[in-house]
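See structure below.
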Protein chains: 4
Amino acid sequence: MDKERLKNQYEVFKKKAYIIIYGTNTPLGKLFDIILLQLIIISVLMVMLETVEGVNQRIHGLLVFMEWVITIFFTMEYILRIITNRHPYRYIFSLYGIIDLIALLPMYLSFITPSTKAISVVRALRLLRVFRILDLVSFMNQGKELKNALYNSRNKIIIFTYFVLVICVLLGSVMYVVESSESGFTSIPRSIYWCIVTMTTVGYGDIAPQTALGQIISAFIMILGYGIIAVPTGIVTAEYTRMKTQRRICRHCNYQNQPESRYCSQCGNELKEPITNASEK
Amino acid sequence: MDKERLKNQYEVFKKKAYIIIYGTNTPLGKLFDIILLQLIIISVLMVMLETVEGVNQRIHGLLVFMEWVITIFFTMEYILRIITNRHPYRYIFSLYGIIDLIALLPMYLSFITPSTKAISVVRALRLLRVFRILDLVSFMNQGKELKNALYNSRNKIIIFTYFVLVICVLLGSVMYVVESSESGFTSIPRSIYWCIVTMTTVGYGDIAPQTALGQIISAFIMILGYGIIAVPTGIVTAEYTRMKTQRRICRHCNYQNQPESRYCSQCGNELKEPITNASEK
Amino acid sequence: MDKERLKNQYEVFKKKAYIIIYGTNTPLGKLFDIILLQLIIISVLMVMLETVEGVNQRIHGLLVFMEWVITIFFTMEYILRIITNRHPYRYIFSLYGIIDLIALLPMYLSFITPSTKAISVVRALRLLRVFRILDLVSFMNQGKELKNALYNSRNKIIIFTYFVLVICVLLGSVMYVVESSESGFTSIPRSIYWCIVTMTTVGYGDIAPQTALGQIISAFIMILGYGIIAVPTGIVTAEYTRMKTQRRICRHCNYQNQPESRYCSQCGNELKEPITNASEK
Amino acid sequence: MDKERLKNQYEVFKKKAYIIIYGTNTPLGKLFDIILLQLIIISVLMVMLETVEGVNQRIHGLLVFMEWVITIFFTMEYILRIITNRHPYRYIFSLYGIIDLIALLPMYLSFITPSTKAISVVRALRLLRVFRILDLVSFMNQGKELKNALYNSRNKIIIFTYFVLVICVLLGSVMYVVESSESGFTSIPRSIYWCIVTMTTVGYGDIAPQTALGQIISAFIMILGYGIIAVPTGIVTAEYTRMKTQRRICRHCNYQNQPESRYCSQCGNELKEPITNASEK
């Protein structure tokens with residue numbers, strides 16, 4: 001009898017916890033998300049501070065203590081997420097599940113191996129969770145439009161990137177031949193690196209051409225890079241503008257007509273429907 | 001009798017002064033604004049010159065004298081603005097009122113504490129007043145459109161900025177692990193700073209990757225940053241283009257006419273409807 | 001008798017020379033323009049080469065000789081332009097007339113004062129003539145569209161530039177307070193210069209923030225500058241796109257209707273005119 | 001009898017080889033293209049690695065061996081392309097034919113002259129073949145649109161580039177006069193190089209202005225360069241957007257329907273007209 005009641009209570013607890021942890025509509029669910037978000041940001045800040053010489057020496061103890069507190073909280077959250085979920089494996093092997101696990105490991109691994117510097121970075125991955133939390137709250141449509149515009153123009157962007165890379169390989173190789181290694185062009189990969197630095201208008205200046213011919217080629221690369229910024233901008237803008245255009249949907253064939261249409265351009269039916277945004281459908 | 005006349009004259013003076021100081025339509029009001037603008041620019045230039053070693057030594061006396069002249073003028077202007085205004089508190093606690101007060105304080109505080117270097121900077125804030133003066137003269141509509149375009153796309157720009165920052169935190173952390181501290185990557189915050197410098201294509205070169213892997217990741221960051229410039233541009237352009245497409249909807253055939261139309265371009269009916277934003281419908 | 005014939009011949013020569021020098025339709029006129037263009041480019045290249053240490057030492061004599069040849073040619077051209085023109089003063093006081101004269105002076109002035117380094121630069125101004133030659137040949141329409149798009153958006157670009165400058169003054173002043181003079185922030189004007197270098201994503205690296213707070217503010221400035229590139233792009237693109245839209249011109253009131261209009265939106269008249277490009281009218 | 005059969009078999013082999021080498025629709029043709037692509041990338045990587053000091057010393061033998069293997073493969077491919085093609089001269093003198101030949105030469109030339117560093121770079125040219133392979137597979141339409149947009153706006157881009165160059169010559173000359181040679185402005189060509197570096201927002205920092213006037217002019221150049229990025233972007237975006245607006249014109253009411261329309265959206269008439277570019281009409 002007692003056992004069954006306990007089990008029942010456990011079931012109720014699981015449901016409630018599920019709503020709080022996974023849900024975002026209830027006040028508690030929202031609160032949980034906000035606390036989680038802040039803890040993630042704090043934990044990332046702490047990892048950062050630990051690498052700053054002066055800060056680490058002064059408050060090393062505090063940082064270690066705080067990290068353990070947050071790690072334990074995240075561990076509990078991870079266990080709860082698995083327990084309360086009806087399909088725990090779906091969570092465990094989801095992108096966020098894997099990130100959550102990876103973000104926990106470095107602290108526990110620090111028992112075994114002292115230097116986890118390389119792995120502690122992965123905690124920053126949890127910042128990506130913010131996108132999910134934000135997604136669910138209010139920015140959803142905004143992000144969707146952007147994502148779609150980028151998704152629709154992915155092929156063009158890939159071609160463009162490849163094109164830029166090939167040009168960088170070609171011109172980087174030319175610069176390797178033109179410039180001596182005194183200017184920093186010690187190998188072709190390094191020259192290509194310089195060419196990317198130049199074409200993207202970053203321009204560190206750690207490697208810079210010294211010969212007249214090298215500077216002429218550089219000037220050419222710069223103007224080229226300066227000009228072809230226009231290309232991805234044009235692609236994304238055109239895609240994004242197109243997606244925002246309004247439509248008049250036909251009642252008969254559901255075709256999205258232009259807003260100024262009076263007859264459906266697919267079935268010839270007279271349109272009397274209101275005008276809607278293309279992105280809403 | 002005399003007292004009343006004096007009071008009357010004072011009232012008249014207050015009204016006239018109000019029109020000159022706050023108004024912009026009368027010739028005197030315009031003149032006042034222009035003189036104020038020039039004095040603001042002069043006072044900012046003087047603060048600048050005072051920090052230049054050579055100039056300050058040569059004309060230190062002149063600069064101090066001029067600053068006092070301008071400070072007294074601004075103080076008088078501030079007092080007049082309060083006296084002549086029917087709702088003085090509304091001005092005092094408005095944005096411009098607070099800026100005006102803050103801009104006055106440094107000079108008076110210099111009696112008490114000699115070093116006001118840190119505070120003298122606030123005078124530059126008065127430059128913002130120029131926007132208000134310009135707003136009222138002629139550029140109003142132009143500025144409005146820009147403001148609206150930026151305002152409408154604020155959510156997308158916030159998401160975008162956040163996205164860029166998260167990427168910088170992730171890639172900055174990766175670079176901290178990849179690069180040794182000899183190249184300047186001494187801590188994660190510094191690596192993130194480098195990553196922002198690189199992704200925004202600024203590229204100071206005070207920190208620059210030295211290892212092969214670091215340079216490959218850098219090249220990736222640069223091309224990424226180069227490409228995603230397209231995103232905010234696309235957003236603002238699309239918003240700005242969309243805002244330019246206001247419509248006037250015909251009562252008879254529901255056709256969306258151009259805002260300057262007087263007759264419906266589809267049924268020839270006379271338009272009497274107000275102009276609406278294409279996006280509102 | 002002889003005198004009159006000579007005068008007649010001189011008049012004929014003047015007319016022919018005028019057509020060749022000022023005209024661009026005849027084969028000789030075109031040839032003259034092309035030769036002139038090439039001589040301008042050669043003369044500019046020579047001025048450049050003269051400042052290069054090694055080159056000047058080797059071929060100093062040749063450069064001086066060539067410069068005199070070109071200067072004499074340009075002097076003759078200048079005199080012919082004045083003689084053959086019916087309204088010589090109109091040419092002399094036109095922009096190109098003044099540039100032509102200024103471009104001649106340095107060489108003659110070199111008799112009196114040996115160092116004309118500062119003035120020899122003005123010869124480069126003649127390069128602007130190329131725009132006029134090109135304008136008249138074939139690129140005319142292309143240039144016009146660009147000019148119009150820029151002209152229409154001039155107010156917005158002025159506001160934008162002013163806005164950027166005010167932000168640079170404010171943030172430059174803040175950085176002067178935050179950073180010590182060891183990092184290169186020796187005065188406010190220099191800090192403003194650094195801020196412009198950063199916000200425009202140029203990033204020389206001769207001045208770079210060293211403190212943590214300075215780097216955070218820098219990161220903010222960079223992202224700000226990175227983002228607001230979108231603004232001028234959006235303005236010009238929107239203006240340029242708008243200018244390209246097609247129109248249907250009403251026979252009765254000459255109003256430019258939208259291409260899909262069937263009735264003129266200004267006078268209600270039925271449209272039967274073909275669709276034309278907005279820029280053509 | 002035997003000879004004829006051999007000849008027949010040879011003909012069949014030629015046809016099959018032709019389909020594999022030149023074709024892209026058959027599985028073998030695709031496989032061939034992919035292998036070729038990978039070998040090109042490997043050969044380019046090897047040329048790169050050879051120039052890296054450390055790597056070359058360790059695996060010099062392997063690199064030389066691999067290069068010979070790949071060179072022999074490419075030689076065989078080149079010979080097969082000539083043999084199997086019905087119009088071998090068309091291939092030999094095509095762009096790709098010349099590139100293929102040039103890419104082979106450096107290795108064979110290394111027998112005669114030991115240092116082929118300068119020529120080995122040309123192998124990178126083969127990377128351009130990737131565009132052809134990609135073109136034929138799936139990205140064709142994407143690339144075409146981009147190409148057309150760039151092709152249509154070539155005149156404007158040429159004018160723009162020329163304009164930028166003239167400004168750089170003028171302002172570079174001014175900076176040469178303003179700045180002393182201690183700051184790096186040793187000659188006009190070098191100053192022009194600096195001006196291009198600055199205007200394109202690359203900003204190496206190897207040459208940087210030191211005087212107050214020089215920094216003011218630099219700030220002006222930066223803001224100018226920052227602003228006129230908008231121009232090529234505007235051009236390409238407008239061209240690209242315009243190209244996406246194809247129309248189908250109704251025979252009855254001359255209305256410009258969307259290209260996917262089957263019935264006129266203004267009069268309900270069935271459309272049988274071909275699709276035309278909006279710009280053609």
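Labeling convention for the structure tokens: chains A, B, ... as they appear, residues from 1 per chain, ligands from 1 in order of appearance.
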
Which residues are close to Ile196 (chain B), i.e. within 10 Å by only C-alpha atoms, leaving aside same-chain residues fewer than 5 positions away? Reply as a ChimeraX atom specification. /B:164-165,167-169,171-172,190-191,201-203,221,225 /C:218-220,222-223

Take the residues just selected and output them with N, CA, C and O atoms as a PDB file, in the first residue's frame.
ATOM      1  N   VAL B 164      27.029  35.959 -32.757  1.00  0.00           N
ATOM      2  CA  VAL B 164      28.437  36.278 -33.022  1.00  0.00           C
ATOM      3  C   VAL B 164      29.253  36.142 -31.740  1.00  0.00           C
ATOM      4  O   VAL B 164      30.352  35.575 -31.737  1.00  0.00           O
ATOM      5  N   LEU B 165      28.693  36.642 -30.610  1.00  0.00           N
ATOM      6  CA  LEU B 165      29.414  36.571 -29.345  1.00  0.00           C
ATOM      7  C   LEU B 165      29.640  35.128 -28.903  1.00  0.00           C
ATOM      8  O   LEU B 165      30.732  34.776 -28.452  1.00  0.00           O
ATOM      9  N   ILE B 167      29.795  32.464 -30.768  1.00  0.00           N
ATOM     10  CA  ILE B 167      30.828  31.891 -31.641  1.00  0.00           C
ATOM     11  C   ILE B 167      32.210  32.367 -31.208  1.00  0.00           C
ATOM     12  O   ILE B 167      33.169  31.584 -31.168  1.00  0.00           O
ATOM     13  N   CYS B 168      32.310  33.657 -30.845  1.00  0.00           N
ATOM     14  CA  CYS B 168      33.603  34.196 -30.425  1.00  0.00           C
ATOM     15  C   CYS B 168      34.064  33.540 -29.130  1.00  0.00           C
ATOM     16  O   CYS B 168      35.257  33.265 -28.960  1.00  0.00           O
ATOM     17  N   VAL B 169      33.129  33.295 -28.189  1.00  0.00           N
ATOM     18  CA  VAL B 169      33.500  32.624 -26.937  1.00  0.00           C
ATOM     19  C   VAL B 169      34.008  31.212 -27.241  1.00  0.00           C
ATOM     20  O   VAL B 169      35.064  30.793 -26.753  1.00  0.00           O
ATOM     21  N   LEU B 171      35.125  29.864 -30.209  1.00  0.00           N
ATOM     22  CA  LEU B 171      36.350  29.803 -31.001  1.00  0.00           C
ATOM     23  C   LEU B 171      37.524  30.437 -30.260  1.00  0.00           C
ATOM     24  O   LEU B 171      38.666  29.988 -30.404  1.00  0.00           O
ATOM     25  N   GLY B 172      37.236  31.479 -29.451  1.00  0.00           N
ATOM     26  CA  GLY B 172      38.292  32.075 -28.639  1.00  0.00           C
ATOM     27  C   GLY B 172      38.850  31.058 -27.661  1.00  0.00           C
ATOM     28  O   GLY B 172      40.072  30.946 -27.486  1.00  0.00           O
ATOM     29  N   ARG B 190      41.247  37.142 -23.249  1.00  0.00           N
ATOM     30  CA  ARG B 190      42.101  37.746 -24.273  1.00  0.00           C
ATOM     31  C   ARG B 190      41.931  37.047 -25.621  1.00  0.00           C
ATOM     32  O   ARG B 190      41.922  37.694 -26.671  1.00  0.00           O
ATOM     33  N   SER B 191      41.755  35.714 -25.594  1.00  0.00           N
ATOM     34  CA  SER B 191      41.535  34.974 -26.837  1.00  0.00           C
ATOM     35  C   SER B 191      40.195  35.359 -27.454  1.00  0.00           C
ATOM     36  O   SER B 191      40.070  35.456 -28.677  1.00  0.00           O
ATOM     37  N   THR B 201      36.821  41.630 -38.764  1.00  0.00           N
ATOM     38  CA  THR B 201      37.805  42.018 -39.785  1.00  0.00           C
ATOM     39  C   THR B 201      38.591  43.269 -39.404  1.00  0.00           C
ATOM     40  O   THR B 201      39.090  43.959 -40.286  1.00  0.00           O
ATOM     41  N   VAL B 202      38.681  43.573 -38.091  1.00  0.00           N
ATOM     42  CA  VAL B 202      39.508  44.705 -37.665  1.00  0.00           C
ATOM     43  C   VAL B 202      40.984  44.324 -37.776  1.00  0.00           C
ATOM     44  O   VAL B 202      41.754  44.990 -38.479  1.00  0.00           O
ATOM     45  N   GLY B 203      41.390  43.249 -37.078  1.00  0.00           N
ATOM     46  CA  GLY B 203      42.739  42.722 -37.239  1.00  0.00           C
ATOM     47  C   GLY B 203      43.853  43.651 -36.840  1.00  0.00           C
ATOM     48  O   GLY B 203      44.606  44.114 -37.691  1.00  0.00           O
ATOM     49  N   ILE B 221      37.771  31.522 -39.165  1.00  0.00           N
ATOM     50  CA  ILE B 221      37.062  32.612 -38.478  1.00  0.00           C
ATOM     51  C   ILE B 221      36.908  33.814 -39.402  1.00  0.00           C
ATOM     52  O   ILE B 221      35.842  34.421 -39.480  1.00  0.00           O
ATOM     53  N   GLY B 225      33.535  35.435 -40.589  1.00  0.00           N
ATOM     54  CA  GLY B 225      33.199  36.823 -40.277  1.00  0.00           C
ATOM     55  C   GLY B 225      32.924  37.618 -41.541  1.00  0.00           C
ATOM     56  O   GLY B 225      31.997  38.434 -41.594  1.00  0.00           O
TER      57      GLY B 225
ATOM     58  N   SER C 218      36.640  48.063 -26.629  1.00  0.00           N
ATOM     59  CA  SER C 218      37.049  47.874 -28.025  1.00  0.00           C
ATOM     60  C   SER C 218      36.164  46.849 -28.714  1.00  0.00           C
ATOM     61  O   SER C 218      35.701  47.066 -29.833  1.00  0.00           O
ATOM     62  N   ALA C 219      35.956  45.718 -28.020  1.00  0.00           N
ATOM     63  CA  ALA C 219      35.129  44.655 -28.597  1.00  0.00           C
ATOM     64  C   ALA C 219      33.747  45.205 -28.918  1.00  0.00           C
ATOM     65  O   ALA C 219      33.191  44.931 -29.994  1.00  0.00           O
ATOM     66  N   PHE C 220      33.216  46.024 -28.003  1.00  0.00           N
ATOM     67  CA  PHE C 220      31.912  46.637 -28.236  1.00  0.00           C
ATOM     68  C   PHE C 220      31.957  47.539 -29.473  1.00  0.00           C
ATOM     69  O   PHE C 220      31.073  47.483 -30.331  1.00  0.00           O
ATOM     70  N   MET C 222      33.992  47.387 -32.004  1.00  0.00           N
ATOM     71  CA  MET C 222      34.141  46.582 -33.221  1.00  0.00           C
ATOM     72  C   MET C 222      32.803  46.012 -33.691  1.00  0.00           C
ATOM     73  O   MET C 222      32.460  46.093 -34.861  1.00  0.00           O
ATOM     74  N   ILE C 223      32.072  45.423 -32.743  1.00  0.00           N
ATOM     75  CA  ILE C 223      30.793  44.810 -33.111  1.00  0.00           C
ATOM     76  C   ILE C 223      29.826  45.885 -33.584  1.00  0.00           C
ATOM     77  O   ILE C 223      29.085  45.692 -34.551  1.00  0.00           O
TER      78      ILE C 223
END

DSSP on the backbone: what in region 43-242 of chain C comes out alpha helix (DSSP H), as a PyMOL selection string? chain C and resi 43-51+53-84+88-92+95-112+117-120+129-137+140-152+154-178+188-199+212-228+230-242

Contacts of Ile102 (chain C) within 10 Å, only C-alpha atoms, excl. fewer than 3 positions in-chain, as a PyMOL selection string: chain C and resi 96-99+105-106+119-120+122-123+125-126

Selection file, C-alpha atoms, as a PDB file, in the first residue's frame:
ATOM      1  CA  TYR C  96      38.793  71.242 -65.747  1.00  0.00           C
ATOM      2  CA  GLY C  97      40.352  74.525 -66.932  1.00  0.00           C
ATOM      3  CA  ILE C  98      41.615  75.301 -63.453  1.00  0.00           C
ATOM      4  CA  ILE C  99      42.899  71.755 -62.963  1.00  0.00           C
ATOM      5  CA  LEU C 105      52.448  75.270 -62.931  1.00  0.00           C
ATOM      6  CA  PRO C 106      54.730  72.982 -60.843  1.00  0.00           C
ATOM      7  CA  ILE C 119      52.994  70.916 -55.585  1.00  0.00           C
ATOM      8  CA  SER C 120      53.934  68.202 -58.060  1.00  0.00           C
ATOM      9  CA  VAL C 122      48.508  68.287 -58.103  1.00  0.00           C
ATOM     10  CA  ARG C 123      49.289  66.746 -61.451  1.00  0.00           C
ATOM     11  CA  LEU C 125      44.303  65.842 -60.318  1.00  0.00           C
ATOM     12  CA  ARG C 126      44.343  65.582 -64.096  1.00  0.00           C
TER      13      ARG C 126
END

Find the residues around region 51-60 of chain B up to 9 Å (only C-alpha atoms counted), leave out those fewer than 3 positions away in its own chain, and share them as a list of chain:residue names. B:Met46, B:Val47, B:Met48, B:Leu63, B:Val64, B:Phe65, B:Lys117, C:Thr186, C:Ser187, C:Ile188, C:Pro189, C:Arg190

Please identify every residue of chain B that has at least one atom no farther than 8 Å from an atom of chain A, counting only C-alpha atoms, and for each give the shortest atom pair and the distance in Å to one decimal, arranged by chain then increasing number, as JSON lines.
{"residue": "B:Asn155", "atom": "CA", "partner": "A:Gln142", "partner_atom": "CA", "distance": 7.1}
{"residue": "B:Lys156", "atom": "CA", "partner": "A:Gln142", "partner_atom": "CA", "distance": 5.9}
{"residue": "B:Ile159", "atom": "CA", "partner": "A:Gly143", "partner_atom": "CA", "distance": 7.4}
{"residue": "B:Val166", "atom": "CA", "partner": "A:Leu127", "partner_atom": "CA", "distance": 6.7}
{"residue": "B:Val169", "atom": "CA", "partner": "A:Ala124", "partner_atom": "CA", "distance": 7.0}
{"residue": "B:Leu170", "atom": "CA", "partner": "A:Ala124", "partner_atom": "CA", "distance": 5.9}
{"residue": "B:Ser173", "atom": "CA", "partner": "A:Val121", "partner_atom": "CA", "distance": 5.7}
{"residue": "B:Val174", "atom": "CA", "partner": "A:Val121", "partner_atom": "CA", "distance": 6.8}
{"residue": "B:Val177", "atom": "CA", "partner": "A:Ala118", "partner_atom": "CA", "distance": 5.5}
{"residue": "B:Thr186", "atom": "CA", "partner": "A:Val52", "partner_atom": "CA", "distance": 7.4}
{"residue": "B:Ser187", "atom": "CA", "partner": "A:Thr51", "partner_atom": "CA", "distance": 4.8}
{"residue": "B:Ile188", "atom": "CA", "partner": "A:Met48", "partner_atom": "CA", "distance": 5.2}
{"residue": "B:Pro189", "atom": "CA", "partner": "A:Met48", "partner_atom": "CA", "distance": 5.9}
{"residue": "B:Thr198", "atom": "CA", "partner": "A:Val202", "partner_atom": "CA", "distance": 6.4}
{"residue": "B:Thr200", "atom": "CA", "partner": "A:Val202", "partner_atom": "CA", "distance": 7.8}
{"residue": "B:Thr201", "atom": "CA", "partner": "A:Val202", "partner_atom": "CA", "distance": 4.0}
{"residue": "B:Val202", "atom": "CA", "partner": "A:Val202", "partner_atom": "CA", "distance": 5.3}
{"residue": "B:Gly203", "atom": "CA", "partner": "A:Val202", "partner_atom": "CA", "distance": 4.7}
{"residue": "B:Tyr204", "atom": "CA", "partner": "A:Tyr204", "partner_atom": "CA", "distance": 5.4}
{"residue": "B:Gly205", "atom": "CA", "partner": "A:Tyr204", "partner_atom": "CA", "distance": 4.0}
{"residue": "B:Asp206", "atom": "CA", "partner": "A:Tyr204", "partner_atom": "CA", "distance": 7.8}
{"residue": "B:Ala208", "atom": "CA", "partner": "A:Tyr204", "partner_atom": "CA", "distance": 7.1}
{"residue": "B:Gln215", "atom": "CA", "partner": "A:Tyr193", "partner_atom": "CA", "distance": 6.7}
{"residue": "B:Ile216", "atom": "CA", "partner": "A:Tyr193", "partner_atom": "CA", "distance": 7.4}
{"residue": "B:Ala219", "atom": "CA", "partner": "A:Ile196", "partner_atom": "CA", "distance": 6.3}
{"residue": "B:Met222", "atom": "CA", "partner": "A:Thr200", "partner_atom": "CA", "distance": 6.3}
{"residue": "B:Ile223", "atom": "CA", "partner": "A:Thr200", "partner_atom": "CA", "distance": 6.6}
{"residue": "B:Tyr226", "atom": "CA", "partner": "A:Thr200", "partner_atom": "CA", "distance": 5.8}
{"residue": "B:Gly227", "atom": "CA", "partner": "A:Pro232", "partner_atom": "CA", "distance": 6.3}
{"residue": "B:Ile229", "atom": "CA", "partner": "A:Thr233", "partner_atom": "CA", "distance": 7.2}
{"residue": "B:Ala230", "atom": "CA", "partner": "A:Thr233", "partner_atom": "CA", "distance": 4.0}
{"residue": "B:Val231", "atom": "CA", "partner": "A:Val236", "partner_atom": "CA", "distance": 6.7}
{"residue": "B:Thr233", "atom": "CA", "partner": "A:Thr233", "partner_atom": "CA", "distance": 6.6}
{"residue": "B:Gly234", "atom": "CA", "partner": "A:Thr237", "partner_atom": "CA", "distance": 4.0}
{"residue": "B:Ile235", "atom": "CA", "partner": "A:Thr237", "partner_atom": "CA", "distance": 7.1}
{"residue": "B:Thr237", "atom": "CA", "partner": "A:Thr237", "partner_atom": "CA", "distance": 6.9}
{"residue": "B:Ala238", "atom": "CA", "partner": "A:Thr241", "partner_atom": "CA", "distance": 5.2}
{"residue": "B:Tyr255", "atom": "CA", "partner": "A:Glu260", "partner_atom": "CA", "distance": 6.2}
{"residue": "B:Gln256", "atom": "CA", "partner": "A:Glu260", "partner_atom": "CA", "distance": 6.8}
{"residue": "B:Lys281", "atom": "CA", "partner": "A:Ile275", "partner_atom": "CA", "distance": 7.3}
